[in-house]
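> Got a structure for you, questions after.
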There are 2 protein chains.
Amino acid sequence: MRLPLLIITALFAATHASAAPPRPGLTSAQVIAATQPSDWRALDPENTLLMELPAGQVLIELAPRFAPRHVANIRTLIREGYFDGLAILRSQDNYVVQWGDPDAEAPEKARSLGSAARKLPAEFSVPLKGLPLQRLPDVDGWAPLTGFVDGMPVGADPRSGRAWLAHCYGMVGAGRDNPADSSNGSELYAVSGQSPRGLDLNITLVGRVLQGMQWLGALPRGTAEMGFYAQPEQRTAIRRVRLLADMPEPERPQLEMLRTDSAAWRRLLDSRRFRREEWFVHSPGHIGLCNATVPLRPRTPAGAVPAASTPSR
Amino acid sequence: MRLPLLIITALFAATHASAAPPRPGLTSAQVIAATQPSDWRALDPENTLLMELPAGQVLIELAPRFAPRHVANIRTLIREGYFDGLAILRSQDNYVVQWGDPDAEAPEKARSLGSAARKLPAEFSVPLKGLPLQRLPDVDGWAPLTGFVDGMPVGADPRSGRAWLAHCYGMVGAGRDNPADSSNGSELYAVSGQSPRGLDLNITLVGRVLQGMQWLGALPRGTAEMGFYAQPEQRTAIRRVRLLADMPEPERPQLEMLRTDSAAWRRLLDSRRFRREEWFVHSPGHIGLCNATVPLRPRTPAGAVPAASTPSR
């Protein structure tokens with residue numbers, strides 16, 4: 001068979017290159033298969049939203065630890081139906097997809113923000129002290145220190161004592177104008193290409209797409225400046241946005257996420273630094289902050305043995 | 001105006017964070033506007049191919065310096081019409097789009113490779129010595145040394161004396177099976193997400209998409225394993241692939257690329273490490289190998305003054 005780029009097997013790879021000699025250990029599939037139920041956590045229904053597009057659903061986990069004011073405002077906007085019937089306004093190739101009110105700039109036509117705040121402080125970073133950062137030892141050019149907090153990729157600087165969410169693929173942020181405090185969460189974007197880490201510390205990130213990036217990423221790119229759609233009919237309608245907490249239990253996506261404070265996550269990172277699948281002839285001995293995707297799987301009823309899920313690359 | 005994430009202006013940014021104090025210098029737009037005609041190079045028609053999809057054209061520059069045998073084979077395949085009427089077989093979100101013969105695995109149905117080689121040696125790396133590498137001083141976790149050669153992103157290791165093309169967004173490679181020498185250029189892929197640098201030194205890269213990634217990136221993701229399309233009718237047809245050298249001159253895209261061995265390119269990298277646009281309040285003081293996109297612009301007739309083009313981010 002010639003098609004696959006990656007064939008996951010349980011065999012060890014022979015390593016050609018000098019950088020990373022072969023090391024015993026598990027493949028990603030083996031790490032996942034060996035996890036215990038306690039290595040996984042449920043999604044918090046108050047911090048997870050579901051955006052319904054014509055093509056499919058986008059599941060987003062919010063990050064109140066990093067952007068409490070924006071997350072609270074987004075919850076209010078969702079609960080008052082602000083996003084229902086709005087649209088995807090922009091898709092710029094290898095950069096971001098952005099959504100909100102197409103008429104936000106026209107006071108007489110703009111949708112009311114209801115009881116949500118019009119103005120919020122910028123939430124670009126939080127104190128590093130006290131943050132349960134699971135440190136990633138691998139070097140990162142963009143931040144002196146990196147790691148994960150509750151599944152979110154994080155950069156930090158011990159000198160400034162600050163930590164911040166990193167602009168990896170699928171991260172969601174609050175669009176702003178030139179003033180740093182000009183975002184309020186009514187206009188959001190998701191990173192849809194190579195991580196634009198130069199945006200870190202410049203804009204408030206509010207969460208991460210857990211599922212459904214394939215619907216956002218496959219949207220036609222807009223042809224106006226910065227990937228905005230030139231014609232209103234090119235926009236994609238947002239049918240509805242709900243918090244999981246406000247959905248009937250049977251309608252909620254039943255998923256759980258590998259805990260990034262688990263030994264299983266550390267083993268999974270190791271399996272990405274040192275590839276043991278037969279296909280690989282070289283291992284980098286490195287994993288990038290934005291190349292490490294946290295696995296999700298269907299939530300297992302107590303006592304059942306879940307099917308192993310594996311990151312696709 | 002609240003919509004834009006990025007507003008390009010000529011003003012200097014006030015910098016909040018400790019990492020990167022403000023530095024005088026030019027914005028990306030100013031660097032591009034100040035380039036001289038000699039900072040740009042034409043595309044080599046023998047090393048550039050145009051793939052026609054129903055949605056639009058994909059322009060790919062080949063890299064014979066890094067994969068001479070594969071590039072020669074791809075030229076033969078193109079000239080014998082091998083790709084015409086074949087299909088996009090796979091789109092895996094945040095990873096790759098892949099194209100070739102859907103029947104390649106069925107000997108009785110597979111399209112003939114004609115006079116092209118069935119088997120080629122792996123071309124994963126080349127000697128570093130003698131390579132005109134324009135070194136990028138910024139740290140990279142995946143390779144001890146990085147830089148650019150003729151516009152292509154490159155990793156290198158002085159200890160092994162080897163250099164290789166890096167899996168950045170838009171890079172094009174030759175799919176292979178488990179044996180390292182099982183690619184021949186008849187099946188190709190383009191990176192469509194966060195740079196999967198763990199593939200570096202594992203597979204033969206053959207070039208880079210210069211224009212048209214928006215058509216590949218916006219393809220629906222395949223639902224079968226690894227993003228392959230589950231049904232033949234979900235595939236996208238490849239109308240035709242031609243080398244620019246074989247196209248009538250007026251039909252060829254008339255473009256030129258900023259030379260990555262120019263001082264203008266070094267200034268452009270500096271303008272990305274230290275952002276001087278009004279929107280930015282923080283500069284990372286860093287640029288990633290895969291975050292630095294080489295500008296293209298319409299080719300200027302001798303004596304004309306070209307419109308300034310600017311990287312969009």
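Just so we're on the same page: first chain in the structure tokens is A, next is B, and so on; residues restart at 1 for each chain, and ligands are numbered from 1 in the order they show up.
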Any idea what's packed within 9 Å of A:Arg267, counting only C-alpha atoms, ignoring anything in its chain fewer than 4 positions away? Could you give it as a list of chain:residue names?
A:Gly25, A:Leu26, A:Ser28, A:Val31, A:Ser262, A:Ala263, A:Ser271, A:Arg272
> Could you write out, as number ranges by chain, all the residues of stretch 125-251 of chain A that DSSP marks as strand (DSSP E or B)?
A: 126-127, 134-136, 145-149, 152-157, 162-165, 171-174, 188-191, 204-211, 228, 236-237, 240-243
> Rank A:Ala143, A:Thr293, A:Val281, A:Val241 by their smallest atom-to-atom distance to B:Phe124, using only C-alpha atoms, and report the top residue only.
A:Val281
> List the spatial neighbours of B:Ala264 as a ChimeraX atom specification - criterion: any atom at most 12 Å away, only C-alpha atoms, same-chain residues fewer than 6 positions off excluded.
/B:26-40,257-258,270-271,294-295
> Using Å and a single decimal, report how far atom CA of A:Ser192 sits from atom CA of A:Gln98.
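So the two atoms, atom CA of A:Gln98 and atom CA of A:Ser192, lie 9.9 Å apart.
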